[in-house]
file final-v9.txt (compact mmCIF, C-alpha atoms)
# COMPACT_ATOMS: atom_id res chain seq x y z
CA MET A 4 107.61 92.40 80.95
CA THR A 5 108.02 96.13 80.55
CA ILE A 6 107.35 98.83 83.09
CA GLU A 7 104.68 100.26 80.80
CA ARG A 8 102.75 96.99 80.60
CA LEU A 9 102.98 96.43 84.36
CA ARG A 10 101.64 99.95 84.86
CA VAL A 11 98.70 99.16 82.56
CA LEU A 12 97.99 96.00 84.58
CA ARG A 13 98.04 97.93 87.86
CA GLU A 14 95.72 100.56 86.46
CA PHE A 15 93.33 97.82 85.38
CA ALA A 16 93.39 96.38 88.91
CA ASP A 17 92.61 99.84 90.31
CA ARG A 18 89.97 100.94 87.83
CA GLY A 19 88.28 97.72 86.76
CA THR A 20 87.64 98.40 83.07
CA VAL A 21 89.72 98.80 79.93
CA ALA A 22 87.90 102.04 79.11
CA ALA A 23 88.77 103.56 82.50
CA VAL A 24 92.43 102.59 82.09
CA ALA A 25 92.50 104.09 78.61
CA SER A 26 91.10 107.36 79.91
CA ALA A 27 93.54 107.51 82.84
CA LEU A 28 96.62 106.78 80.71
CA SER A 29 95.53 108.76 77.63
CA MET A 30 95.52 105.60 75.51
CA THR A 31 92.92 104.02 73.26
CA PRO A 32 90.99 101.03 74.63
CA SER A 33 92.43 98.85 71.86
CA ALA A 34 95.98 99.84 72.87
CA VAL A 35 95.23 98.94 76.50
CA SER A 36 93.80 95.57 75.45
CA GLN A 37 96.86 94.90 73.30
CA GLN A 38 99.22 95.67 76.19
CA LEU A 39 97.32 93.27 78.44
CA LYS A 40 97.37 90.55 75.77
CA VAL A 41 101.13 90.90 75.32
CA LEU A 42 101.64 90.79 79.08
CA THR A 43 99.54 87.62 79.29
CA LYS A 44 101.70 86.02 76.59
CA GLU A 45 104.87 87.04 78.44
CA ALA A 46 103.54 85.66 81.72
CA GLY A 47 102.60 82.34 80.10
CA VAL A 48 99.38 82.14 82.10
CA ASP A 49 95.95 83.74 81.80
CA LEU A 50 95.83 87.07 83.61
CA LEU A 51 92.24 87.92 82.64
CA GLU A 52 88.99 85.98 82.46
CA PRO A 53 85.48 86.79 81.22
CA ASP A 54 83.10 88.48 83.65
CA GLY A 55 79.82 88.98 81.82
CA ARG A 56 80.49 91.50 79.07
CA ARG A 57 83.75 92.58 80.72
CA VAL A 58 86.92 90.92 81.92
CA ARG A 59 88.44 90.65 85.38
CA LEU A 60 91.77 89.57 86.83
CA THR A 61 92.43 85.90 87.49
CA ASP A 62 94.19 84.77 90.66
CA ALA A 63 97.43 84.84 88.67
CA GLY A 64 96.63 88.34 87.50
CA ARG A 65 96.03 89.56 91.03
CA ALA A 66 99.29 87.98 92.15
CA LEU A 67 101.16 89.73 89.35
CA VAL A 68 99.60 93.07 90.32
CA VAL A 69 101.20 92.78 93.76
CA ARG A 70 104.58 92.14 92.10
CA ALA A 71 103.93 95.01 89.70
CA ASP A 72 103.50 97.26 92.74
CA ASP A 73 106.93 96.10 93.96
CA VAL A 74 108.56 96.77 90.59
CA LEU A 75 106.97 100.20 90.19
CA ALA A 76 107.89 101.04 93.78
CA ALA A 77 111.49 100.14 92.96
CA MET A 78 111.37 102.50 90.01
CA ASP A 79 110.02 105.21 92.30
CA ARG A 80 112.91 104.55 94.68
CA ALA A 81 115.37 104.98 91.84
CA VAL A 82 113.77 108.28 90.84
CA ALA A 83 113.76 109.37 94.50
CA GLU A 84 117.46 108.56 94.89
CA MET A 85 118.31 110.66 91.86
CA ALA A 86 116.13 113.44 93.27
CA HIS A 87 118.05 113.19 96.55
CA TYR A 88 121.26 114.00 94.70
CA ARG A 89 119.53 117.07 93.31
CA GLY A 90 118.71 118.30 96.82
CA SER A 91 115.10 117.08 96.98
CA PRO A 92 112.46 116.32 98.24
CA ARG A 93 110.67 118.05 95.42
CA GLY A 94 107.61 117.37 93.37
CA ARG A 95 103.83 117.35 93.36
CA VAL A 96 101.87 115.17 95.77
CA ARG A 97 98.17 114.55 95.17
CA VAL A 98 96.15 114.26 98.38
CA ALA A 99 92.48 113.34 98.82
CA LEU A 100 90.89 114.29 102.15
CA PHE A 101 87.44 114.04 103.70
CA PRO A 102 86.10 117.62 104.09
CA SER A 103 86.13 118.05 107.88
CA GLY A 104 89.60 116.52 108.07
CA ALA A 105 90.79 118.89 105.37
CA ALA A 106 89.38 121.87 107.28
CA LEU A 107 91.14 120.76 110.46
CA LEU A 108 94.58 119.77 109.15
CA LEU A 109 95.28 121.56 105.86
CA PRO A 110 95.66 125.00 107.51
CA ARG A 111 98.61 123.51 109.41
CA VAL A 112 100.01 121.25 106.69
CA LEU A 113 100.16 123.71 103.79
CA PRO A 114 102.10 126.48 105.63
CA ALA A 115 104.52 123.88 106.97
CA LEU A 116 105.34 122.80 103.41
CA ALA A 117 105.40 126.28 101.89
CA ASN A 118 109.19 126.38 101.36
CA SER A 119 109.87 122.65 101.13
CA GLY A 120 109.88 122.29 97.35
CA VAL A 121 106.88 119.98 97.64
CA GLU A 122 103.59 121.06 96.09
CA VAL A 123 100.43 119.60 97.63
CA VAL A 124 97.43 119.33 95.32
CA ALA A 125 94.50 118.73 97.68
CA SER A 126 91.00 117.52 96.81
CA ASP A 127 88.07 117.15 99.21
CA VAL A 128 86.53 113.73 98.60
CA ASP A 129 83.60 112.66 100.76
CA LEU A 130 83.66 108.87 100.38
CA PRO A 131 83.66 106.04 102.94
CA PRO A 132 86.89 104.17 103.79
CA THR A 133 85.92 101.27 101.52
CA GLU A 134 86.62 103.54 98.55
CA VAL A 135 90.26 104.20 99.51
CA PRO A 136 91.83 101.51 97.28
CA ARG A 137 90.05 102.99 94.29
CA LEU A 138 91.08 106.53 95.22
CA LEU A 139 94.75 105.50 95.33
CA ALA A 140 94.57 105.06 91.57
CA ASP A 141 94.43 108.86 91.31
CA TYR A 142 96.02 110.12 94.54
CA ASP A 143 99.36 109.59 96.26
CA ILE A 144 97.86 109.98 99.75
CA VAL A 145 94.31 109.57 101.01
CA LEU A 146 93.28 110.91 104.41
CA THR A 147 90.28 108.88 105.52
CA HIS A 148 88.35 108.37 108.74
CA ARG A 149 86.67 105.37 110.33
CA ASP A 150 84.95 104.39 113.55
CA GLU A 151 87.57 103.28 116.05
CA ARG A 152 85.95 99.84 116.30
CA ALA A 153 85.86 99.30 112.54
CA PRO A 154 88.56 97.17 110.91
CA GLY A 155 91.42 98.93 109.16
CA ILE A 156 91.74 99.03 105.39
CA ALA A 157 95.41 98.03 105.09
CA GLY A 158 96.15 95.23 102.64
CA PRO A 159 98.74 93.95 100.17
CA ARG A 160 98.34 97.09 98.05
CA VAL A 161 97.45 99.66 100.73
CA ASP A 162 99.63 100.95 103.59
CA THR A 163 97.89 102.84 106.40
CA THR A 164 98.90 104.87 109.44
CA VAL A 165 96.52 106.09 112.15
CA ILE A 166 97.52 109.64 113.08
CA MET A 167 94.76 110.83 115.39
CA ARG A 168 91.69 109.90 117.45
CA GLU A 169 88.79 112.38 117.57
CA PRO A 170 85.95 111.84 120.09
CA THR A 171 82.35 112.00 118.89
CA ASP A 172 80.01 114.25 120.90
CA VAL A 173 76.28 114.97 120.94
CA VAL A 174 75.15 118.46 119.88
CA VAL A 175 71.75 119.91 120.81
CA ALA A 176 70.01 123.26 120.43
CA PRO A 177 70.43 125.82 123.26
CA THR A 178 66.72 125.40 124.10
CA HIS A 179 66.88 121.61 124.28
CA PRO A 180 66.17 120.04 127.72
CA LEU A 181 69.67 118.53 127.75
CA ALA A 182 71.43 121.77 126.81
CA ARG A 183 72.62 122.53 130.35
CA ARG A 184 74.22 119.12 130.73
CA THR A 185 77.88 118.34 130.07
CA GLU A 186 77.42 114.65 129.28
CA VAL A 187 74.67 112.24 128.28
CA THR A 188 74.13 108.46 128.13
CA PRO A 189 72.76 106.52 125.15
CA ALA A 190 69.62 105.61 127.12
CA GLU A 191 68.79 109.32 127.53
CA LEU A 192 68.87 109.74 123.77
CA ALA A 193 66.67 106.81 122.82
CA GLU A 194 63.61 108.90 121.97
CA GLU A 195 65.38 111.75 120.19
CA THR A 196 65.00 112.68 116.53
CA TRP A 197 68.38 112.50 114.82
CA LEU A 198 70.19 114.28 112.05
CA SER A 199 72.85 111.92 110.78
CA VAL A 200 75.24 111.28 107.89
CA ARG A 201 74.93 108.71 105.14
CA GLY A 202 75.63 105.08 105.96
CA GLY A 203 79.23 103.89 105.92
CA PHE A 204 80.67 106.91 107.70
CA PRO A 205 81.98 106.94 111.31
CA VAL A 206 79.18 109.06 112.83
CA ASP A 207 76.57 106.63 111.54
CA ASP A 208 78.55 103.74 113.05
CA VAL A 209 78.29 105.39 116.50
CA LEU A 210 74.55 105.94 116.06
CA ARG A 211 74.12 102.24 115.29
CA SER A 212 76.05 101.45 118.47
CA ILE A 213 73.60 103.58 120.44
CA ALA A 214 70.75 101.63 118.88
CA THR A 215 72.37 98.35 119.94
CA LEU A 216 72.78 99.55 123.54
CA THR A 217 69.27 100.96 123.89
CA GLY A 218 67.39 98.44 121.78
CA VAL A 219 65.64 101.37 120.08
CA GLN A 220 66.02 102.03 116.39
CA PRO A 221 66.98 105.71 116.01
CA ARG A 222 64.46 108.01 114.39
CA ILE A 223 66.53 109.73 111.68
CA ALA A 224 64.89 112.78 110.13
CA GLN A 225 67.61 113.61 107.59
CA ARG A 226 70.91 112.18 106.36
CA LEU A 227 73.32 114.93 105.34
CA ASN A 228 77.10 114.78 105.00
CA ASP A 229 77.72 118.52 105.43
CA PHE A 230 78.30 119.21 109.12
CA ARG A 231 77.56 122.91 108.63
CA VAL A 232 74.04 122.07 107.42
CA ILE A 233 73.56 119.61 110.27
CA GLU A 234 74.65 122.25 112.81
CA THR A 235 72.21 124.80 111.43
CA LEU A 236 69.31 122.36 111.65
CA VAL A 237 70.25 121.32 115.18
CA ALA A 238 70.44 124.99 116.24
CA ALA A 239 66.90 125.38 114.86
CA ASN A 240 65.83 122.52 117.20
CA TYR A 241 65.00 120.23 114.28
CA GLY A 242 66.79 117.34 115.98
CA VAL A 243 69.99 116.31 117.73
CA ALA A 244 73.17 115.03 116.12
CA LEU A 245 76.45 113.26 116.68
CA MET A 246 79.46 115.26 115.56
CA PRO A 247 83.24 114.86 115.72
CA ARG A 248 84.48 117.12 118.52
CA TRP A 249 86.75 119.36 116.44
CA ALA A 250 84.22 119.73 113.64
CA VAL A 251 81.73 121.64 115.82
CA ALA A 252 81.74 125.30 114.78
CA HIS A 253 78.27 126.71 115.53
CA PRO A 254 78.60 128.97 118.61
CA ALA A 255 75.05 128.42 119.86
CA LEU A 256 75.12 124.64 120.11
CA ALA A 257 75.45 122.79 123.39
CA VAL A 258 78.07 120.03 123.18
CA LEU A 259 77.62 116.98 125.42
CA ARG A 260 80.12 114.19 125.94
CA LEU A 261 78.67 110.76 125.21
CA THR A 262 79.27 108.25 128.00
CA GLY A 263 78.73 104.51 128.13
CA VAL A 264 79.83 103.83 124.57
CA ARG A 265 83.09 104.05 122.65
CA ALA A 266 82.52 107.01 120.38
CA ALA A 267 85.38 108.33 118.26
CA ARG A 268 86.75 108.32 114.76
CA LEU A 269 90.30 107.59 113.69
CA TYR A 270 92.17 109.67 111.13
CA GLU A 271 94.10 107.34 108.83
CA LEU A 272 96.61 108.10 106.07
CA ALA A 273 96.57 105.60 103.21
CA THR A 274 99.19 105.19 100.47
CA ARG A 275 100.58 102.56 98.16
CA PRO A 276 103.14 100.32 99.92
CA HIS A 277 106.56 101.76 100.81
CA PRO A 278 105.68 105.49 100.64
CA GLU A 279 108.96 106.33 102.39
CA THR A 280 110.78 105.56 99.15
CA ARG A 281 109.45 108.79 97.62
CA PRO A 282 110.84 111.76 99.58
CA ALA A 283 108.06 114.14 98.50
CA ILE A 284 105.33 111.79 99.73
CA ALA A 285 107.24 111.03 102.94
CA THR A 286 107.56 114.77 103.59
CA VAL A 287 103.81 115.29 103.22
CA LEU A 288 103.04 112.32 105.46
CA ASP A 289 105.31 113.77 108.15
CA ALA A 290 103.54 117.13 107.87
CA PHE A 291 100.16 115.48 108.45
CA ARG A 292 101.48 113.53 111.44
CA THR A 293 102.86 116.73 112.96
CA ALA A 294 99.60 118.60 112.36
CA ALA A 295 97.58 115.80 113.96
CA HIS A 296 99.88 115.77 116.98
CA GLN A 297 99.46 119.53 117.39
CA VAL A 298 95.65 119.30 117.23
CA SER A 299 95.56 116.44 119.74
CA ALA A 300 97.89 118.28 122.13
CA GLU A 301 95.68 121.37 122.09

call {"tool": "encode", "arguments": {"input": "final-v9.txt", "output": "structure tokens"}}
result
Amino acid sequence: MTIERLRVLREFADRGTVAAVASALSMTPSAVSQQLKVLTKEAGVDLLEPDGRRVRLTDAGRALVVRADDVLAAMDRAVAEMAHYRGSPRGRVRVALFPSGAALLLPRVLPALANSGVEVVASDVDLPPTEVPRLLADYDIVLTHRDERAPGIAGPRVDTTVIMREPTDVVVAPTHPLARRTEVTPAELAEETWLSVRGGFPVDDVLRSIATLTGVQPRIAQRLNDFRVIETLVAANYGVALMPRWAVAHPALAVLRLTGVRAARLYELATRPHPETRPAIATVLDAFRTAAHQVSAE
């Protein structure tokens, strides 16, 4: 089994189709299929099985993917050790971040790495945590967020580290009857009109918790994932909203602490297993941990 064929297998596990693997590796679909056929012959057991008009991994194929991760990680360690002798860490690290997390942490992370020899290529990606395994096909690090009560996303092919907890608050217009308050209970919000995010994101998880406590299904006027748009509509008294504490930027909004319910999101860094074996990635992870600690301390 060659490194190249194991890499093709891992890409297939990440991307799900031969065409997607071919595009990612700049190969033809027929070349990808041939590599997978040869690997199956070398393994002596079926690695793929029909799935409608496509193919999918068998149990043996999924088991081999985990071992392929180990082998490729070992190769990364070898490259990292050679880089160490050249005075590294050096290199390019691809990072995907949810937008409000990027706005909060990147202004601290990028200056900290300015003279490190490590180049961070950041992309804002607004997807729920369930998409992280797929994102790791294209990124070295994914910064994601989840409701603190939601299960983590770590698994055989995903390592995660929680770096920060951010409370979720209620924001209302300055003319709202609750605007002079400093805190509010779920029961007091039962009849409000809400501006929320799309399902699957932490803020929506908290809103569903409020519904469970009050027994009232929230009246949601709009679902928007841009907090700046939500703030503008709240300021215009179009509704109230839940927002992560450090994402609130509109100066006119009244911010109320939510009591009687656990309301916070966790910032989580996700990588392939054993990220410490690549000095450049480890350096970027440390920079994010430091930035999160600074924000929390303030």

call {"tool": "residues_around", "arguments": {"input": "final-v9.txt", "residues": "segment 49-56 of chain A", "least_positions_apart": "4", "cutoff": "10 Å", "atoms": "all atoms listed in the file", "output": "list in words"}}
result
Leu12, Leu39, Lys40, Leu42, Thr43, Lys44, Leu60, Thr61, Asp62, Ala63, Gly64, Arg65, Ala66, Leu67 and Val68 of chain A

call {"tool": "atom_distance", "arguments": {"input": "final-v9.txt", "atom1": "atom CA of Arg80 of chain A", "atom2": "atom CA of Arg281 of chain A"}}
result
6.2 Å

call {"tool": "residues_around", "arguments": {"input": "final-v9.txt", "residues": "Val175 of chain A", "least_positions_apart": "4", "cutoff": "12 Å", "atoms": "only C-alpha atoms", "output": "NGL selection string"}}
result
:A and (179-187 or 192 or 195-198 or 233-246 or 251 or 253-260)

call {"tool": "atom_distance", "arguments": {"input": "final-v9.txt", "atom1": "atom CA of Leu288 of chain A", "atom2": "atom CA of Ser29 of chain A"}}
result
29.0 Å

call {"tool": "residues_around", "arguments": {"input": "final-v9.txt", "residues": "segment 110-117 of chain A", "least_positions_apart": "5", "cutoff": "10 Å", "atoms": "all atoms listed in the file", "output": "PyMOL selection string"}}
result
chain A and resi 105+122-125+286-295+297-298

call {"tool": "write_last_selection", "arguments": {"input": "final-v9.txt", "atoms": "C-alpha atoms", "output": "mmCIF file, in the frame of the given file"}}
result
data_model
loop_
_atom_site.group_PDB
_atom_site.id
_atom_site.type_symbol
_atom_site.label_atom_id
_atom_site.label_comp_id
_atom_site.auth_asym_id
_atom_site.auth_seq_id
_atom_site.Cartn_x
_atom_site.Cartn_y
_atom_site.Cartn_z
ATOM 1 C CA ALA A 105 90.790 118.890 105.370
ATOM 2 C CA GLU A 122 103.590 121.060 96.090
ATOM 3 C CA VAL A 123 100.430 119.600 97.630
ATOM 4 C CA VAL A 124 97.430 119.330 95.320
ATOM 5 C CA ALA A 125 94.500 118.730 97.680
ATOM 6 C CA THR A 286 107.560 114.770 103.590
ATOM 7 C CA VAL A 287 103.810 115.290 103.220
ATOM 8 C CA LEU A 288 103.040 112.320 105.460
ATOM 9 C CA ASP A 289 105.310 113.770 108.150
ATOM 10 C CA ALA A 290 103.540 117.130 107.870
ATOM 11 C CA PHE A 291 100.160 115.480 108.450
ATOM 12 C CA ARG A 292 101.480 113.530 111.440
ATOM 13 C CA THR A 293 102.860 116.730 112.960
ATOM 14 C CA ALA A 294 99.600 118.600 112.360
ATOM 15 C CA ALA A 295 97.580 115.800 113.960
ATOM 16 C CA GLN A 297 99.460 119.530 117.390
ATOM 17 C CA VAL A 298 95.650 119.300 117.230
#

call {"tool": "atom_distance", "arguments": {"input": "final-v9.txt", "atom1": "atom CA of Ser36 of chain A", "atom2": "atom CA of Ala16 of chain A"}}
result
13.5 Å

call {"tool": "closest_residue", "arguments": {"input": "final-v9.txt", "among": "A:Ala250, A:His277, A:Val58, A:Phe230", "to": "Leu108 of chain A", "atoms": "all atoms listed in the file"}}
result
A:Ala250

call {"tool": "closest_residue", "arguments": {"input": "final-v9.txt", "among": "A:Thr20, A:Gly218, A:Phe204, A:Ala300", "to": "Arg57 of chain A", "atoms": "only C-alpha atoms"}}
result
A:Thr20

call {"tool": "decode", "arguments": {"input": "final-v9.txt", "residues": "segment 187-206 of chain A", "atoms": "N, CA, C and O atoms", "output": "PDB file, in the first residue's frame"}}
result
ATOM      1  N   VAL A 187     -33.256  38.831  32.653  1.00  0.00           N
ATOM      2  CA  VAL A 187     -34.611  38.449  32.295  1.00  0.00           C
ATOM      3  C   VAL A 187     -34.719  36.928  32.392  1.00  0.00           C
ATOM      4  O   VAL A 187     -33.728  36.213  32.215  1.00  0.00           O
ATOM      5  N   THR A 188     -35.916  36.426  32.702  1.00  0.00           N
ATOM      6  CA  THR A 188     -36.142  34.985  32.782  1.00  0.00           C
ATOM      7  C   THR A 188     -36.818  34.500  31.496  1.00  0.00           C
ATOM      8  O   THR A 188     -37.459  35.291  30.783  1.00  0.00           O
ATOM      9  N   PRO A 189     -36.719  33.215  31.195  1.00  0.00           N
ATOM     10  CA  PRO A 189     -37.398  32.690  30.011  1.00  0.00           C
ATOM     11  C   PRO A 189     -38.899  32.957  30.011  1.00  0.00           C
ATOM     12  O   PRO A 189     -39.481  33.263  28.965  1.00  0.00           O
ATOM     13  N   ALA A 190     -39.541  32.851  31.189  1.00  0.00           N
ATOM     14  CA  ALA A 190     -40.987  33.066  31.248  1.00  0.00           C
ATOM     15  C   ALA A 190     -41.370  34.471  30.792  1.00  0.00           C
ATOM     16  O   ALA A 190     -42.427  34.675  30.185  1.00  0.00           O
ATOM     17  N   GLU A 191     -40.512  35.456  31.064  1.00  0.00           N
ATOM     18  CA  GLU A 191     -40.810  36.837  30.678  1.00  0.00           C
ATOM     19  C   GLU A 191     -40.648  37.075  29.184  1.00  0.00           C
ATOM     20  O   GLU A 191     -41.038  38.131  28.674  1.00  0.00           O
ATOM     21  N   LEU A 192     -40.114  36.084  28.491  1.00  0.00           N
ATOM     22  CA  LEU A 192     -39.881  36.228  27.052  1.00  0.00           C
ATOM     23  C   LEU A 192     -40.837  35.383  26.216  1.00  0.00           C
ATOM     24  O   LEU A 192     -40.748  35.374  24.991  1.00  0.00           O
ATOM     25  N   ALA A 193     -41.753  34.704  26.875  1.00  0.00           N
ATOM     26  CA  ALA A 193     -42.586  33.719  26.189  1.00  0.00           C
ATOM     27  C   ALA A 193     -43.414  34.313  25.051  1.00  0.00           C
ATOM     28  O   ALA A 193     -43.661  33.641  24.038  1.00  0.00           O
ATOM     29  N   GLU A 194     -43.841  35.557  25.188  1.00  0.00           N
ATOM     30  CA  GLU A 194     -44.721  36.155  24.179  1.00  0.00           C
ATOM     31  C   GLU A 194     -43.984  37.063  23.199  1.00  0.00           C
ATOM     32  O   GLU A 194     -44.621  37.763  22.406  1.00  0.00           O
ATOM     33  N   GLU A 195     -42.666  37.075  23.245  1.00  0.00           N
ATOM     34  CA  GLU A 195     -41.907  37.959  22.374  1.00  0.00           C
ATOM     35  C   GLU A 195     -41.839  37.418  20.936  1.00  0.00           C
ATOM     36  O   GLU A 195     -41.975  36.217  20.690  1.00  0.00           O
ATOM     37  N   THR A 196     -41.606  38.330  20.014  1.00  0.00           N
ATOM     38  CA  THR A 196     -41.293  37.960  18.627  1.00  0.00           C
ATOM     39  C   THR A 196     -39.781  37.911  18.495  1.00  0.00           C
ATOM     40  O   THR A 196     -39.085  38.855  18.894  1.00  0.00           O
ATOM     41  N   TRP A 197     -39.282  36.825  17.922  1.00  0.00           N
ATOM     42  CA  TRP A 197     -37.837  36.581  17.912  1.00  0.00           C
ATOM     43  C   TRP A 197     -37.220  36.747  16.533  1.00  0.00           C
ATOM     44  O   TRP A 197     -37.837  36.466  15.509  1.00  0.00           O
ATOM     45  N   LEU A 198     -35.982  37.185  16.557  1.00  0.00           N
ATOM     46  CA  LEU A 198     -35.099  37.113  15.394  1.00  0.00           C
ATOM     47  C   LEU A 198     -34.032  36.090  15.758  1.00  0.00           C
ATOM     48  O   LEU A 198     -33.338  36.245  16.756  1.00  0.00           O
ATOM     49  N   SER A 199     -33.921  35.033  14.981  1.00  0.00           N
ATOM     50  CA  SER A 199     -33.009  33.968  15.348  1.00  0.00           C
ATOM     51  C   SER A 199     -32.132  33.584  14.166  1.00  0.00           C
ATOM     52  O   SER A 199     -32.229  34.163  13.078  1.00  0.00           O
ATOM     53  N   VAL A 200     -31.274  32.604  14.408  1.00  0.00           N
ATOM     54  CA  VAL A 200     -30.384  32.075  13.362  1.00  0.00           C
ATOM     55  C   VAL A 200     -31.006  30.808  12.799  1.00  0.00           C
ATOM     56  O   VAL A 200     -32.024  30.321  13.266  1.00  0.00           O
ATOM     57  N   ARG A 201     -30.377  30.259  11.781  1.00  0.00           N
ATOM     58  CA  ARG A 201     -30.862  29.014  11.203  1.00  0.00           C
ATOM     59  C   ARG A 201     -30.678  27.857  12.188  1.00  0.00           C
ATOM     60  O   ARG A 201     -29.839  27.905  13.082  1.00  0.00           O
ATOM     61  N   GLY A 202     -31.462  26.831  12.021  1.00  0.00           N
ATOM     62  CA  GLY A 202     -31.380  25.666  12.892  1.00  0.00           C
ATOM     63  C   GLY A 202     -30.019  24.997  12.832  1.00  0.00           C
ATOM     64  O   GLY A 202     -29.336  25.021  11.799  1.00  0.00           O
ATOM     65  N   GLY A 203     -29.603  24.419  13.961  1.00  0.00           N
ATOM     66  CA  GLY A 203     -28.322  23.727  14.021  1.00  0.00           C
ATOM     67  C   GLY A 203     -27.207  24.547  14.626  1.00  0.00           C
ATOM     68  O   GLY A 203     -26.114  24.024  14.858  1.00  0.00           O
ATOM     69  N   PHE A 204     -27.472  25.829  14.873  1.00  0.00           N
ATOM     70  CA  PHE A 204     -26.462  26.702  15.459  1.00  0.00           C
ATOM     71  C   PHE A 204     -26.776  26.940  16.942  1.00  0.00           C
ATOM     72  O   PHE A 204     -27.924  26.817  17.369  1.00  0.00           O
ATOM     73  N   PRO A 205     -25.742  27.303  17.746  1.00  0.00           N
ATOM     74  CA  PRO A 205     -25.926  27.384  19.197  1.00  0.00           C
ATOM     75  C   PRO A 205     -27.055  28.300  19.662  1.00  0.00           C
ATOM     76  O   PRO A 205     -27.781  27.960  20.594  1.00  0.00           O
ATOM     77  N   VAL A 206     -27.211  29.469  19.049  1.00  0.00           N
ATOM     78  CA  VAL A 206     -28.260  30.397  19.489  1.00  0.00           C
ATOM     79  C   VAL A 206     -29.631  29.759  19.350  1.00  0.00           C
ATOM     80  O   VAL A 206     -30.499  29.897  20.228  1.00  0.00           O
TER      81      VAL A 206
END
